[in-house]
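Chemist: Take this structure, written in structure tokens, and hold onto it; I'll ask about it next.
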There are 2 protein chains.
Amino acid sequence: MRHAQEHDPANDDRPLAGRVVAIVGATGGLGRAAALACGSAGATVVLIGRRVRALESVYDELVAAGASEPAIRPLDLATAGPAECAETAAAIEAGLGRLDGLILAVADFDHLARTASTDPAVWLRQLHVNLAAPWLLFRAMEPILARAPAADVVFVLEDPARMRRAYWGGYGAGKVGLEGVAASLAHEYEHSSIRIHGLRPGPMRTALRGRAFAGEPDGPPPAPDLAASEIVRWLSRPPARPG
Amino acid sequence: MRHAQEHDPANDDRPLAGRVVAIVGATGGLGRAAALACGSAGATVVLIGRRVRALESVYDELVAAGASEPAIRPLDLATAGPAECAETAAAIEAGLGRLDGLILAVADFDHLARTASTDPAVWLRQLHVNLAAPWLLFRAMEPILARAPAADVVFVLEDPARMRRAYWGGYGAGKVGLEGVAASLAHEYEHSSIRIHGLRPGPMRTALRGRAFAGEPDGPPPAPDLAASEIVRWLSRPPARPG
């Protein structure tokens, strides 16, 4: 086992060596897979999420896999407003000095439900976590991302056609809106060093999937590792050269 | 001029006679036109919005046009949560006893702006007004709407392709999400007495349009009356008959 302290960055030829990548929702199915994939590819990973014990567990997995020592930043997206997101960005800047990637793998989904039996407070929380919080975090980290040679921002989306069906509640509204945010930001940052990505990972073998679909007649869908390796591939591309 | 007090509902053959229609955002360009169109078609109109003086002005126009006496319900959508929306629904039920139509003509748009220069508080307010508040109001009024022989709910949307371009901020995120909400609700209520409509009125000669587009090389777009008459047409259809 290679330990973080024994690691020599100068001789590290892994694709994300020397880069800092923040992963929001780092204890979810895809977030954890993305953290491990980015860490294994050489990045210093900032683990952001609500459940501290679960974040520590991903931290331990990263260290065991030989990744650079990760950072943990607890943040409850349900109550995170502009100030909390600005504090998170400031902590990353102060602690690590740079940010090359921001992976917004957030998901707040309980279960499919009729609108008439949906608690409005839950719907509002889901809208905030799935749509407002990712935008607020991007907004807060944008100045740091803009100083990197090339930065990648990944919004994890859902199949928009599925979200337009019945019963998806605040999760569906949030994910549809987030798709619009990602598309709009991709347009706005088209000629900049910040590259905006929308990831639609498709069905994955995660806890969220289990809550939405009780039975899987075709067997369980694939693990989120494939989507995580796609994220690493995006982050590994060299910066665009002028001219 | 026919005055409200002289009006005899039994001899009223106007298409919306005897019906109650709530219009949220009733002082905006489309909201005002929809209020006048519904009132002229015989509906008792509930005017909902933030600016009381402007609501009173629409009230006066309705009375002058011979409409049934309207109701006014002041509501600031920027701060309207589940409780305020439930109070609004309870007031309509107590005062008028029924609700046949809900027209969600809300719009909170300042100007096109870069993300990096967008105040997060403004973005959050726009998301709430344009997306959360319409859903909360529908959620609160759904039980009253469900008791009408046929009820129509109209979500006023934007061109989704335009909202995916740069600089639309919280307005764009909200309107994209609202399109998903309307589509999802249309699916959920497909076999019920509540009919869900998404209205994309296209360019209209409104104050909002003036803030987004400084010049109109092809001349000013049409007034919102055409979209308002489309709303009346939807609300005038007879209830679906079983079998």
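Identifiers for the structure tokens are assigned positionally: chains receive A, B, ... in sequence, residues are indexed from 1 per chain, and ligands are indexed from 1 in the order shown.
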Tell me the residues of chain A close to chain B, meaning within 8 Å using only C-alpha atoms, as number ranges by chain.
Modeler: A: 82, 114-116, 120-121, 124, 127, 132, 136, 139, 142-143, 163-168, 172-178, 180-181, 183-188
Chemist: Looking only at the backbone, which of the residues in stretch 126-237 of chain B does DSSP tag as strand (DSSP E or B), as number ranges by chain?
Modeler: B: 151-156, 194-199
Chemist: I'd like to know which residues of stretch 160-220 of chain B are alpha helix (DSSP H) (by DSSP, run on the backbone); could you write them as a ChimeraX atom specification?
Modeler: /B:160-163,169-188,207-212
Chemist: For atom CA of B:Leu36 and atom CA of B:Phe155, quote the distance in Å rounded to one decimal.
Modeler: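 Those two atoms sit 17.7 Å apart.
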Chemist: Of the candidates A:Gly31, A:Ala223, A:Ser236, A:Ile196, which shows the shortest atom-to-atom distance to A:Arg19, using only C-alpha atoms?
Modeler: A:Ser236
Chemist: Would you list the contacts of A:Gly29 as a PyMOL selection string, taking every protein, DNA or RNA residue within 7 Å and counting only C-alpha atoms, but skipping same-chain residues closer than 4 positions in sequence?
Modeler: chain A and resi 33+206-207+224
Chemist: Selected residues, all heavy atoms, written as a compact mmCIF listing (two decimals), in the first residue's frame, please.
Modeler:
# COMPACT_ATOMS: atom_id res chain seq x y z
N ALA A 33 -17.82 6.80 -5.95
CA ALA A 33 -17.07 6.21 -7.07
C ALA A 33 -16.20 7.26 -7.75
O ALA A 33 -15.05 6.99 -8.12
CB ALA A 33 -18.04 5.57 -8.07
N THR A 206 -27.33 1.97 -7.29
CA THR A 206 -27.13 2.86 -6.14
C THR A 206 -28.34 2.76 -5.22
O THR A 206 -29.38 2.21 -5.58
CB THR A 206 -26.99 4.33 -6.60
OG1 THR A 206 -28.18 4.70 -7.28
CG2 THR A 206 -25.80 4.53 -7.52
N ALA A 207 -28.21 3.35 -4.04
CA ALA A 207 -29.32 3.36 -3.08
C ALA A 207 -30.50 4.15 -3.64
O ALA A 207 -31.66 3.77 -3.44
CB ALA A 207 -28.85 3.97 -1.75
N PRO A 224 -21.68 2.37 -10.43
CA PRO A 224 -21.40 3.71 -10.97
C PRO A 224 -19.95 3.92 -11.42
O PRO A 224 -19.60 5.03 -11.83
CB PRO A 224 -21.76 4.64 -9.80
CG PRO A 224 -21.73 3.80 -8.59
CD PRO A 224 -22.03 2.39 -9.01
Chemist: So, with only C-alpha atoms as the atoms that count, which of B:Leu112, B:Leu137, B:Ala146, B:Val24 lies closest to B:Glu87?
Modeler: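 Ranked by minimum distance to B:Glu87, first place goes to B:Leu137.
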Chemist: Got a sec: who's within 9 Å of B:Gly39, counting only C-alpha atoms, leaving out chain neighbours fewer than 6 positions off, as a PyMOL selection string?
Modeler: chain B and resi 16-17+21+45+62-63+65-70
Chemist: Tell me, in Å to one decimal, how far atom CA of A:Gly198 is from atom CA of A:Thr79.
Modeler: 24.3 Å
